[in-house]
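See below for data-v4.pdb, which holds PDB, N, CA and C atoms, pLDDT in the B column.
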```pdb
ATOM      1  N   MET A   1     -10.889 111.199 -96.668  1.00 50.00           N
ATOM      2  CA  MET A   1     -10.776 109.875 -97.223  1.00 50.00           C
ATOM      3  C   MET A   1      -9.999 109.982 -98.532  1.00 50.00           C
ATOM      4  N   ALA A   2      -9.067 109.077 -98.723  1.00 51.00           N
ATOM      5  CA  ALA A   2      -8.260 109.079 -99.933  1.00 51.00           C
ATOM      6  C   ALA A   2      -9.051 108.527-101.109  1.00 51.00           C
ATOM      7  N   LYS A   3      -8.717 108.984-102.299  1.00 51.00           N
ATOM      8  CA  LYS A   3      -9.395 108.524-103.506  1.00 51.00           C
ATOM      9  C   LYS A   3      -8.584 107.414-104.149  1.00 51.00           C
ATOM     10  N   LYS A   4      -9.279 106.396-104.662  1.00 46.00           N
ATOM     11  CA  LYS A   4      -8.635 105.295-105.350  1.00 46.00           C
ATOM     12  C   LYS A   4      -8.766 105.490-106.853  1.00 46.00           C
ATOM     13  N   LYS A   5      -7.771 105.053-107.585  1.00 49.00           N
ATOM     14  CA  LYS A   5      -7.792 105.143-109.033  1.00 49.00           C
ATOM     15  C   LYS A   5      -8.584 103.962-109.588  1.00 49.00           C
ATOM     16  N   PRO A   6      -9.585 104.207-110.441  1.00 44.00           N
ATOM     17  CA  PRO A   6     -10.332 103.098-111.028  1.00 44.00           C
ATOM     18  C   PRO A   6      -9.435 102.286-111.958  1.00 44.00           C
ATOM     19  N   THR A   7      -9.741 101.013-112.089  1.00 44.00           N
ATOM     20  CA  THR A   7      -8.971 100.176-112.998  1.00 44.00           C
ATOM     21  C   THR A   7      -9.451 100.398-114.419  1.00 44.00           C
ATOM     22  N   GLU A   8      -8.792  99.760-115.368  1.00 42.00           N
ATOM     23  CA  GLU A   8      -9.136  99.936-116.771  1.00 42.00           C
ATOM     24  C   GLU A   8     -10.572  99.516-117.065  1.00 42.00           C
ATOM     25  N   SER A   9     -11.110  98.547-116.342  1.00 47.00           N
ATOM     26  CA  SER A   9     -12.468  98.065-116.593  1.00 47.00           C
ATOM     27  C   SER A   9     -13.520  99.024-116.046  1.00 47.00           C
ATOM     28  N   GLY A  10     -13.100 100.075-115.369  1.00 54.00           N
ATOM     29  CA  GLY A  10     -14.042 101.069-114.880  1.00 54.00           C
ATOM     30  C   GLY A  10     -14.554 100.801-113.473  1.00 54.00           C
ATOM     31  N   GLU A  11     -14.088  99.729-112.836  1.00 64.00           N
ATOM     32  CA  GLU A  11     -14.563  99.451-111.485  1.00 64.00           C
ATOM     33  C   GLU A  11     -13.905 100.397-110.491  1.00 64.00           C
ATOM     34  N   LYS A  12     -14.608 100.748-109.461  1.00 82.00           N
ATOM     35  CA  LYS A  12     -14.106 101.618-108.405  1.00 82.00           C
ATOM     36  C   LYS A  12     -13.653 100.729-107.267  1.00 82.00           C
ATOM     37  N   LEU A  13     -12.369 100.746-106.959  1.00 83.00           N
ATOM     38  CA  LEU A  13     -11.814  99.913-105.899  1.00 83.00           C
ATOM     39  C   LEU A  13     -11.641 100.731-104.639  1.00 83.00           C
ATOM     40  N   LEU A  14     -12.045 100.143-103.523  1.00 87.00           N
ATOM     41  CA  LEU A  14     -11.933 100.793-102.228  1.00 87.00           C
ATOM     42  C   LEU A  14     -11.098  99.934-101.294  1.00 87.00           C
ATOM     43  N   SER A  15     -10.376 100.590-100.414  1.00 87.00           N
ATOM     44  CA  SER A  15      -9.654  99.859 -99.373  1.00 87.00           C
ATOM     45  C   SER A  15     -10.661  99.412 -98.317  1.00 87.00           C
ATOM     46  N   ILE A  16     -10.210  98.612 -97.385  1.00 89.00           N
ATOM     47  CA  ILE A  16     -11.105  98.155 -96.318  1.00 89.00           C
ATOM     48  C   ILE A  16     -11.593  99.331 -95.487  1.00 89.00           C
ATOM     49  N   ALA A  17     -10.713 100.264 -95.171  1.00 86.00           N
ATOM     50  CA  ALA A  17     -11.115 101.425 -94.370  1.00 86.00           C
ATOM     51  C   ALA A  17     -12.149 102.268 -95.112  1.00 86.00           C
ATOM     52  N   GLU A  18     -11.949 102.469 -96.410  1.00 86.00           N
ATOM     53  CA  GLU A  18     -12.910 103.242 -97.189  1.00 86.00           C
ATOM     54  C   GLU A  18     -14.236 102.511 -97.333  1.00 86.00           C
ATOM     55  N   GLY A  19     -14.167 101.186 -97.507  1.00 89.00           N
ATOM     56  CA  GLY A  19     -15.391 100.395 -97.593  1.00 89.00           C
ATOM     57  C   GLY A  19     -16.184 100.446 -96.307  1.00 89.00           C
ATOM     58  N   ALA A  20     -15.485 100.405 -95.189  1.00 89.00           N
ATOM     59  CA  ALA A  20     -16.163 100.495 -93.888  1.00 89.00           C
ATOM     60  C   ALA A  20     -16.826 101.856 -93.724  1.00 89.00           C
ATOM     61  N   ALA A  21     -16.133 102.908 -94.093  1.00 90.00           N
ATOM     62  CA  ALA A  21     -16.709 104.254 -94.003  1.00 90.00           C
ATOM     63  C   ALA A  21     -17.904 104.395 -94.937  1.00 90.00           C
ATOM     64  N   TYR A  22     -17.809 103.807 -96.119  1.00 89.00           N
ATOM     65  CA  TYR A  22     -18.883 103.877 -97.104  1.00 89.00           C
ATOM     66  C   TYR A  22     -20.163 103.219 -96.574  1.00 89.00           C
ATOM     67  N   LEU A  23     -20.006 102.064 -95.882  1.00 88.00           N
ATOM     68  CA  LEU A  23     -21.167 101.348 -95.340  1.00 88.00           C
ATOM     69  C   LEU A  23     -21.558 101.815 -93.944  1.00 88.00           C
ATOM     70  N   GLY A  24     -20.693 102.582 -93.298  1.00 87.00           N
ATOM     71  CA  GLY A  24     -20.982 103.022 -91.943  1.00 87.00           C
ATOM     72  C   GLY A  24     -20.784 101.933 -90.908  1.00 87.00           C
ATOM     73  N   VAL A  25     -19.804 101.049 -91.159  1.00 88.00           N
ATOM     74  CA  VAL A  25     -19.484  99.965 -90.231  1.00 88.00           C
ATOM     75  C   VAL A  25     -17.997 100.049 -89.885  1.00 88.00           C
ATOM     76  N   THR A  26     -17.542  99.141 -89.046  1.00 91.00           N
ATOM     77  CA  THR A  26     -16.128  99.128 -88.664  1.00 91.00           C
ATOM     78  C   THR A  26     -15.301  98.330 -89.662  1.00 91.00           C
ATOM     79  N   ARG A  27     -13.987  98.539 -89.627  1.00 91.00           N
ATOM     80  CA  ARG A  27     -13.081  97.751 -90.465  1.00 91.00           C
ATOM     81  C   ARG A  27     -13.169  96.274 -90.101  1.00 91.00           C
ATOM     82  N   GLN A  28     -13.360  95.980 -88.822  1.00 92.00           N
ATOM     83  CA  GLN A  28     -13.472  94.594 -88.373  1.00 92.00           C
ATOM     84  C   GLN A  28     -14.687  93.911 -89.007  1.00 92.00           C
ATOM     85  N   THR A  29     -15.767  94.665 -89.195  1.00 89.00           N
ATOM     86  CA  THR A  29     -16.960  94.114 -89.831  1.00 89.00           C
ATOM     87  C   THR A  29     -16.660  93.728 -91.273  1.00 89.00           C
ATOM     88  N   ILE A  30     -15.906  94.551 -91.968  1.00 91.00           N
ATOM     89  CA  ILE A  30     -15.535  94.255 -93.356  1.00 91.00           C
ATOM     90  C   ILE A  30     -14.618  93.036 -93.411  1.00 91.00           C
ATOM     91  N   HIS A  31     -13.632  92.966 -92.508  1.00 90.00           N
ATOM     92  CA  HIS A  31     -12.750  91.793 -92.456  1.00 90.00           C
ATOM     93  C   HIS A  31     -13.560  90.528 -92.203  1.00 90.00           C
ATOM     94  N   ALA A  32     -14.500  90.584 -91.263  1.00 90.00           N
ATOM     95  CA  ALA A  32     -15.331  89.420 -90.951  1.00 90.00           C
ATOM     96  C   ALA A  32     -16.170  89.020 -92.159  1.00 90.00           C
ATOM     97  N   ALA A  33     -16.677  89.996 -92.887  1.00 90.00           N
ATOM     98  CA  ALA A  33     -17.488  89.702 -94.071  1.00 90.00           C
ATOM     99  C   ALA A  33     -16.654  89.037 -95.159  1.00 90.00           C
ATOM    100  N   ILE A  34     -15.405  89.436 -95.298  1.00 90.00           N
ATOM    101  CA  ILE A  34     -14.518  88.831 -96.292  1.00 90.00           C
ATOM    102  C   ILE A  34     -14.212  87.383 -95.906  1.00 90.00           C
ATOM    103  N   ASN A  35     -13.999  87.124 -94.619  1.00 89.00           N
ATOM    104  CA  ASN A  35     -13.615  85.791 -94.145  1.00 89.00           C
ATOM    105  C   ASN A  35     -14.798  84.861 -93.908  1.00 89.00           C
ATOM    106  N   ARG A  36     -16.009  85.352 -94.051  1.00 85.00           N
ATOM    107  CA  ARG A  36     -17.213  84.555 -93.802  1.00 85.00           C
ATOM    108  C   ARG A  36     -17.293  83.399 -94.794  1.00 85.00           C
ATOM    109  N   LYS A  37     -17.724  82.236 -94.319  1.00 83.00           N
ATOM    110  CA  LYS A  37     -17.842  81.060 -95.183  1.00 83.00           C
ATOM    111  C   LYS A  37     -19.118  81.111 -96.015  1.00 83.00           C
ATOM    112  N   ASN A  38     -20.192  81.618 -95.448  1.00 81.00           N
ATOM    113  CA  ASN A  38     -21.470  81.695 -96.139  1.00 81.00           C
ATOM    114  C   ASN A  38     -21.614  83.074 -96.780  1.00 81.00           C
ATOM    115  N   LYS A  39     -21.598  83.152 -98.093  1.00 78.00           N
ATOM    116  CA  LYS A  39     -21.719  84.397 -98.851  1.00 78.00           C
ATOM    117  C   LYS A  39     -20.699  85.451 -98.422  1.00 78.00           C
ATOM    118  N   PRO A  40     -19.414  85.173 -98.622  1.00 84.00           N
ATOM    119  CA  PRO A  40     -18.402  86.164 -98.221  1.00 84.00           C
ATOM    120  C   PRO A  40     -18.435  87.395 -99.121  1.00 84.00           C
ATOM    121  N   LEU A  41     -17.979  88.490 -98.586  1.00 88.00           N
ATOM    122  CA  LEU A  41     -17.813  89.715 -99.357  1.00 88.00           C
ATOM    123  C   LEU A  41     -16.607  89.517-100.270  1.00 88.00           C
ATOM    124  N   LYS A  42     -16.790  89.768-101.551  1.00 89.00           N
ATOM    125  CA  LYS A  42     -15.704  89.563-102.511  1.00 89.00           C
ATOM    126  C   LYS A  42     -14.651  90.651-102.346  1.00 89.00           C
ATOM    127  N   ALA A  43     -13.424  90.215-102.177  1.00 89.00           N
ATOM    128  CA  ALA A  43     -12.288  91.131-102.069  1.00 89.00           C
ATOM    129  C   ALA A  43     -11.078  90.418-102.643  1.00 89.00           C
ATOM    130  N   LYS A  44     -10.125  91.196-103.076  1.00 88.00           N
ATOM    131  CA  LYS A  44      -8.907  90.596-103.601  1.00 88.00           C
ATOM    132  C   LYS A  44      -7.722  91.436-103.169  1.00 88.00           C
ATOM    133  N   LYS A  45      -6.587  90.785-103.098  1.00 87.00           N
ATOM    134  CA  LYS A  45      -5.368  91.520-102.796  1.00 87.00           C
ATOM    135  C   LYS A  45      -4.896  92.165-104.082  1.00 87.00           C
ATOM    136  N   GLY A  46      -4.543  93.413-103.990  1.00 80.00           N
ATOM    137  CA  GLY A  46      -4.104  94.105-105.181  1.00 80.00           C
ATOM    138  C   GLY A  46      -3.430  95.412-104.837  1.00 80.00           C
ATOM    139  N   LYS A  47      -2.993  96.087-105.864  1.00 76.00           N
ATOM    140  CA  LYS A  47      -2.355  97.390-105.688  1.00 76.00           C
ATOM    141  C   LYS A  47      -3.367  98.463-106.029  1.00 76.00           C
ATOM    142  N   PHE A  48      -3.300  99.554-105.299  1.00 70.00           N
ATOM    143  CA  PHE A  48      -4.180 100.679-105.552  1.00 70.00           C
ATOM    144  C   PHE A  48      -3.426 101.962-105.279  1.00 70.00           C
ATOM    145  N   THR A  49      -3.887 103.033-105.890  1.00 72.00           N
ATOM    146  CA  THR A  49      -3.242 104.328-105.752  1.00 72.00           C
ATOM    147  C   THR A  49      -4.001 105.155-104.733  1.00 72.00           C
ATOM    148  N   VAL A  50      -3.286 105.715-103.782  1.00 74.00           N
ATOM    149  CA  VAL A  50      -3.872 106.586-102.781  1.00 74.00           C
ATOM    150  C   VAL A  50      -3.420 108.008-103.084  1.00 74.00           C
ATOM    151  N   GLU A  51      -4.382 108.900-103.206  1.00 76.00           N
ATOM    152  CA  GLU A  51      -4.061 110.304-103.477  1.00 76.00           C
ATOM    153  C   GLU A  51      -4.377 111.130-102.248  1.00 76.00           C
ATOM    154  N   ARG A  52      -3.362 111.541-101.559  1.00 76.00           N
ATOM    155  CA  ARG A  52      -3.538 112.467-100.439  1.00 76.00           C
ATOM    156  C   ARG A  52      -2.793 113.729-100.844  1.00 76.00           C
ATOM    157  N   VAL A  53      -1.707 114.036-100.198  1.00 84.00           N
ATOM    158  CA  VAL A  53      -0.860 115.141-100.641  1.00 84.00           C
ATOM    159  C   VAL A  53      -0.033 114.669-101.832  1.00 84.00           C
ATOM    160  N   VAL A  54       0.430 113.421-101.741  1.00 84.00           N
ATOM    161  CA  VAL A  54       1.250 112.821-102.786  1.00 84.00           C
ATOM    162  C   VAL A  54       0.605 111.499-103.183  1.00 84.00           C
ATOM    163  N   LYS A  55       0.697 111.120-104.452  1.00 85.00           N
ATOM    164  CA  LYS A  55       0.182 109.831-104.899  1.00 85.00           C
ATOM    165  C   LYS A  55       1.136 108.736-104.462  1.00 85.00           C
ATOM    166  N   THR A  56       0.599 107.693-103.852  1.00 84.00           N
ATOM    167  CA  THR A  56       1.404 106.535-103.474  1.00 84.00           C
ATOM    168  C   THR A  56       0.669 105.273-103.890  1.00 84.00           C
ATOM    169  N   VAL A  57       1.419 104.243-104.213  1.00 83.00           N
ATOM    170  CA  VAL A  57       0.842 102.955-104.555  1.00 83.00           C
ATOM    171  C   VAL A  57       0.988 102.047-103.352  1.00 83.00           C
ATOM    172  N   GLN A  58      -0.120 101.440-102.935  1.00 82.00           N
ATOM    173  CA  GLN A  58      -0.108 100.547-101.782  1.00 82.00           C
ATOM    174  C   GLN A  58      -0.660  99.195-102.189  1.00 82.00           C
ATOM    175  N   THR A  59      -0.331  98.176-101.403  1.00 85.00           N
ATOM    176  CA  THR A  59      -0.833  96.831-101.636  1.00 85.00           C
ATOM    177  C   THR A  59      -1.689  96.423-100.443  1.00 85.00           C
ATOM    178  N   GLY A  60      -2.823  95.828-100.713  1.00 85.00           N
ATOM    179  CA  GLY A  60      -3.712  95.372 -99.646  1.00 85.00           C
ATOM    180  C   GLY A  60      -5.017  94.872-100.228  1.00 85.00           C
ATOM    181  N   TRP A  61      -5.994  94.654 -99.363  1.00 87.00           N
ATOM    182  CA  TRP A  61      -7.302  94.203 -99.814  1.00 87.00           C
ATOM    183  C   TRP A  61      -8.007  95.338-100.532  1.00 87.00           C
ATOM    184  N   VAL A  62      -8.575  95.028-101.689  1.00 89.00           N
ATOM    185  CA  VAL A  62      -9.385  95.986-102.423  1.00 89.00           C
ATOM    186  C   VAL A  62     -10.750  95.356-102.691  1.00 89.00           C
ATOM    187  N   ILE A  63     -11.769  96.185-102.636  1.00 90.00           N
ATOM    188  CA  ILE A  63     -13.144  95.727-102.807  1.00 90.00           C
ATOM    189  C   ILE A  63     -13.788  96.586-103.883  1.00 90.00           C
ATOM    190  N   ASP A  64     -14.440  95.941-104.820  1.00 90.00           N
ATOM    191  CA  ASP A  64     -15.169  96.667-105.855  1.00 90.00           C
ATOM    192  C   ASP A  64     -16.372  97.341-105.198  1.00 90.00           C
ATOM    193  N   LYS A  65     -16.601  98.596-105.528  1.00 89.00           N
ATOM    194  CA  LYS A  65     -17.690  99.357-104.919  1.00 89.00           C
ATOM    195  C   LYS A  65     -19.049  98.698-105.176  1.00 89.00           C
ATOM    196  N   ARG A  66     -19.210  98.073-106.347  1.00 88.00           N
ATOM    197  CA  ARG A  66     -20.476  97.379-106.645  1.00 88.00           C
ATOM    198  C   ARG A  66     -20.712  96.224-105.693  1.00 88.00           C
ATOM    199  N   ASP A  67     -19.645  95.498-105.314  1.00 88.00           N
ATOM    200  CA  ASP A  67     -19.792  94.399-104.364  1.00 88.00           C
ATOM    201  C   ASP A  67     -20.170  94.925-102.977  1.00 88.00           C
ATOM    202  N   LEU A  68     -19.628  96.078-102.605  1.00 87.00           N
ATOM    203  CA  LEU A  68     -19.990  96.678-101.318  1.00 87.00           C
ATOM    204  C   LEU A  68     -21.459  97.082-101.305  1.00 87.00           C
ATOM    205  N   GLU A  69     -21.941  97.612-102.422  1.00 83.00           N
ATOM    206  CA  GLU A  69     -23.338  98.025-102.485  1.00 83.00           C
ATOM    207  C   GLU A  69     -24.268  96.822-102.396  1.00 83.00           C
ATOM    208  N   ASP A  70     -23.823  95.664-102.911  1.00 81.00           N
ATOM    209  CA  ASP A  70     -24.633  94.446-102.822  1.00 81.00           C
ATOM    210  C   ASP A  70     -24.616  93.847-101.420  1.00 81.00           C
ATOM    211  N   TYR A  71     -23.554  94.125-100.681  1.00 79.00           N
ATOM    212  CA  TYR A  71     -23.406  93.583 -99.331  1.00 79.00           C
ATOM    213  C   TYR A  71     -24.263  94.377 -98.366  1.00 79.00           C
ATOM    214  N   ARG A  72     -24.995  93.702 -97.547  1.00 68.00           N
ATOM    215  CA  ARG A  72     -25.831  94.359 -96.544  1.00 68.00           C
ATOM    216  C   ARG A  72     -25.574  93.723 -95.186  1.00 68.00           C
ATOM    217  N   VAL A  73     -25.417  94.547 -94.183  1.00 58.00           N
ATOM    218  CA  VAL A  73     -25.243  94.067 -92.822  1.00 58.00           C
ATOM    219  C   VAL A  73     -26.625  93.987 -92.197  1.00 58.00           C
ATOM    220  N   SER A  74     -26.940  92.839 -91.583  1.00 59.00           N
ATOM    221  CA  SER A  74     -28.263  92.687 -90.988  1.00 59.00           C
ATOM    222  C   SER A  74     -28.434  93.649 -89.820  1.00 59.00           C
ATOM    223  N   GLU A  75     -29.659  94.029 -89.565  1.00 60.00           N
ATOM    224  CA  GLU A  75     -29.989  94.953 -88.472  1.00 60.00           C
ATOM    225  C   GLU A  75     -29.509  94.398 -87.133  1.00 60.00           C
ATOM    226  N   GLN A  76     -29.681  93.092 -86.936  1.00 60.00           N
ATOM    227  CA  GLN A  76     -29.264  92.451 -85.681  1.00 60.00           C
ATOM    228  C   GLN A  76     -27.755  92.595 -85.481  1.00 60.00           C
ATOM    229  N   HIS A  77     -26.973  92.375 -86.535  1.00 59.00           N
ATOM    230  CA  HIS A  77     -25.529  92.480 -86.399  1.00 59.00           C
ATOM    231  C   HIS A  77     -25.088  93.928 -86.226  1.00 59.00           C
ATOM    232  N   GLN A  78     -25.789  94.857 -86.837  1.00 60.00           N
ATOM    233  CA  GLN A  78     -25.458  96.255 -86.656  1.00 60.00           C
ATOM    234  C   GLN A  78     -25.677  96.659 -85.204  1.00 60.00           C
ATOM    235  N   ASP A  79     -26.800  96.222 -84.623  1.00 62.00           N
ATOM    236  CA  ASP A  79     -27.086  96.558 -83.222  1.00 62.00           C
ATOM    237  C   ASP A  79     -26.081  95.913 -82.284  1.00 62.00           C
ATOM    238  N   ALA A  80     -25.666  94.689 -82.586  1.00 61.00           N
ATOM    239  CA  ALA A  80     -24.708  93.991 -81.740  1.00 61.00           C
ATOM    240  C   ALA A  80     -23.345  94.671 -81.766  1.00 61.00           C
ATOM    241  N   GLY A  81     -23.006  95.311 -82.881  1.00 60.00           N
ATOM    242  CA  GLY A  81     -21.708  95.963 -83.005  1.00 60.00           C
ATOM    243  C   GLY A  81     -21.637  97.353 -82.420  1.00 60.00           C
ATOM    244  N   LYS A  82     -22.786  97.906 -82.041  1.00 61.00           N
ATOM    245  CA  LYS A  82     -22.802  99.260 -81.493  1.00 61.00           C
ATOM    246  C   LYS A  82     -22.409  99.244 -80.024  1.00 61.00           C
ATOM    247  N   LYS A  83     -21.720 100.274 -79.609  1.00 56.00           N
ATOM    248  CA  LYS A  83     -21.338 100.386 -78.198  1.00 56.00           C
ATOM    249  C   LYS A  83     -22.534 100.877 -77.395  1.00 56.00           C
ATOM    250  N   ASN A  84     -22.522 100.577 -76.125  1.00 50.00           N
ATOM    251  CA  ASN A  84     -23.603 101.066 -75.255  1.00 50.00           C
ATOM    252  C   ASN A  84     -23.577 102.571 -75.208  1.00 50.00           C
ATOM    253  N   GLU A  85     -24.724 103.150 -75.395  1.00 48.00           N
ATOM    254  CA  GLU A  85     -24.798 104.609 -75.401  1.00 48.00           C
ATOM    255  C   GLU A  85     -25.350 105.131 -74.099  1.00 48.00           C
TER     256      GLU A  85
END
```
Any chance you could give the structure as structure tokens?
Amino acid sequence: MAKKKPTESGEKLLSIAEGAAYLGVTRQTIHAAINRKNKPLKAKKGKFTVERVVKTVQTGWVIDKRDLEDYRVSEQHQDAGKKNE
């Protein structure tokens, strides 16, 4: 997983893929949470730095890690999103 550079205010910004991995859900779940009308997950479009082999600046949805920690997926929705085992 790539690391994001914190902003000057000290917040840790994550991409949608990183946020999904952090919560253990799919990227589609994060997109749905952002687009939800009732208590949407706070996200904003912005630039962030990705550090892999080389540092690159990308533009896309960024989510503050604190907002992700406040967001909880209900047990019912988690079960509905799981594939048949």
Report, in Å to a single decimal, how far apart atom C of Ile16 in chain A and atom C of Ile30 in chain A are.
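Atom-to-atom, atom C of Ile30 in chain A to atom C of Ile16 in chain A, that is 7.3 Å.
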All residues 8 Å or closer to Lys47 in chain A, all atoms listed in the file, same chain fewer than 6 positions away omitted, as an mmCIF file with N, CA and C atoms, in the coordinates of the input:
```
data_model
loop_
_atom_site.group_PDB
_atom_site.id
_atom_site.type_symbol
_atom_site.label_atom_id
_atom_site.label_comp_id
_atom_site.auth_asym_id
_atom_site.auth_seq_id
_atom_site.Cartn_x
_atom_site.Cartn_y
_atom_site.Cartn_z
ATOM 1 N N VAL A 57 1.419 104.243 -104.213
ATOM 2 C CA VAL A 57 0.842 102.955 -104.555
ATOM 3 C C VAL A 57 0.988 102.047 -103.352
ATOM 4 N N GLN A 58 -0.120 101.440 -102.935
ATOM 5 C CA GLN A 58 -0.108 100.547 -101.782
ATOM 6 C C GLN A 58 -0.660 99.195 -102.189
ATOM 7 N N THR A 59 -0.331 98.176 -101.403
ATOM 8 C CA THR A 59 -0.833 96.831 -101.636
ATOM 9 C C THR A 59 -1.689 96.423 -100.443
ATOM 10 N N GLY A 60 -2.823 95.828 -100.713
ATOM 11 C CA GLY A 60 -3.712 95.372 -99.646
ATOM 12 C C GLY A 60 -5.017 94.872 -100.228
ATOM 13 N N TRP A 61 -5.994 94.654 -99.363
ATOM 14 C CA TRP A 61 -7.302 94.203 -99.814
ATOM 15 C C TRP A 61 -8.007 95.338 -100.532
ATOM 16 N N VAL A 62 -8.575 95.028 -101.689
ATOM 17 C CA VAL A 62 -9.385 95.986 -102.423
ATOM 18 C C VAL A 62 -10.750 95.356 -102.691
#
```
Name the closest residue to Ala21 in chain A among the candidates A:Thr49, A:Thr56, A:Leu68, A:Lys42; distances are taken between atoms, counting only C-alpha atoms.
A:Leu68
Can you tell me how far CA of Lys37 in chain A sits from atom C of Ser15 in chain A, in Å to one decimal?
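Interatomic distance here is 20.0 Å.
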For the atom pair atom C of Lys45 in chain A and CA of Gly24 in chain A, what is the interatomic distance in Å to one decimal place?
22.9 Å
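With only C-alpha atoms as the atoms that count, the minimum distance from Gly19 in chain A to the choices A:Lys65, A:Lys44, A:Lys39, A:Arg52 is reached by A:Lys65.
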Minimum-distance residue to Leu14 in chain A, chosen among A:Arg27, A:Asn38, A:Asp64, A:Tyr71 (using only C-alpha atoms):
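The shortest atom-to-atom distance to Leu14 in chain A comes from A:Asp64.
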Among the residues A:Glu69, A:Arg36, A:Leu13, A:Leu23, the one that comes closest to Phe48 in chain A [using all atoms listed in the file]
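So, comparing all the options, the nearest one is A:Leu13.
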Please evaluate the PyMOL selection byres (((chain A and resi 31 and name CA) around 10) and name CA) against the displayed coordinates and give the resulting residues as a list in words.
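Taken over the shown coordinates, the PyMOL selection byres (((chain A and resi 31 and name CA) around 10) and name CA) returns Ile16, Ala17, Ala20, Thr26, Arg27, Gln28, Thr29, Ile30, Ala32, Ala33, Ile34, Asn35, Arg36, Pro40, Leu41, Ala43 and Trp61 of chain A.
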Could you write out as AutoDock Vina command-line options the box around range 55-71 of chain A (axis-aligned, all atoms listed in the file, 6 Å on each side), with centre and edge lengths in Å to one decimal?
```
--center_x -11.6 --center_y 102.4 --center_z -102.5 --size_x 38.1 --size_y 29.5 --size_z 20.3
```
Got a sec to tell me which of range 22-79 of chain A DSSP assigns to strand (DSSP E or B), as a list in words?
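Those in range 22-79 of chain A that DSSP calls strand (DSSP E or B) are Lys44, Lys45, Gly46, Lys47, Phe48, Thr49, Val50, Glu51, Lys55, Thr56, Val57, Gln58, Thr59, Gly60, Trp61, Val62, Ile63 and Asp64 of chain A.
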